[in-house]
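Okay, so here's the structure we're looking at.
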Amino acid sequence: MSENKQDLLDKKQELEERMDRIKKDISGGLNADFAEQATQLENRDVLLEILRVSEEELQSTREKLAALE
């Protein structure tokens with residue numbers, strides 16, 4: 001599948017926005033309740049993996065855009 005420049009730009013923006021939301025969520029403090037903290041920490045692990053994959057996808061998208069120019 002060949003992606004055009006606008007598709008890649010849209011994808012880049014979507015990934016950057018997703019990563020910003022994840023970083024904001026991760027930077028939030030922990031709840032005072034220990035049970036809630038455990039859930040937050042489990043969720044944080046998932047978010048970190050989503051962030052890692054998004055960073056890889058963003059890099060790939062940037063490389064594709066650079067190849068078009």
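We name chains A, B, ... following the order of the structure tokens; residues begin at 1 in each chain, and ligands are numbered from 1 as shown.
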Using only C-alpha atoms, find each residue of region 6-29 of chain A with at least one atom at most 7 Å away from an atom of region 34-54 of chain A; report its shortest atom-to-atom pair and that distance in Å (one decimal), sort the rows by chain and rising residue number, and return the result as JSON lines.
```
{"residue": "A:Leu15", "atom": "CA", "partner": "A:Ser54", "partner_atom": "CA", "distance": 6.3}
{"residue": "A:Met19", "atom": "CA", "partner": "A:Leu51", "partner_atom": "CA", "distance": 6.0}
{"residue": "A:Ile22", "atom": "CA", "partner": "A:Leu47", "partner_atom": "CA", "distance": 6.5}
{"residue": "A:Ile26", "atom": "CA", "partner": "A:Arg44", "partner_atom": "CA", "distance": 6.3}
```
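In terms of minimum interatomic distance to Leu65 (chain A), A:Leu8 ranks closest within A:Ser27, A:Leu8, A:Glu14, A:Asp33, counting only C-alpha atoms.
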Exercise for the section: Apply DSSP to the backbone of this structure and, from chain A, keep only the residues in alpha helix (DSSP H); write these as JSON, numbers by chain. Expected result: {"A": [5, 6, 7, 8, 9, 10, 11, 12, 13, 14, 15, 16, 17, 18, 19, 20, 21, 22, 23, 24, 25, 26, 27, 34, 35, 36, 37, 38, 39, 40, 41, 42, 43, 44, 45, 46, 47, 48, 49, 50, 51, 52, 53, 54, 55, 56, 57, 58, 59, 60, 61, 62, 63, 64, 65, 66, 67, 68]}
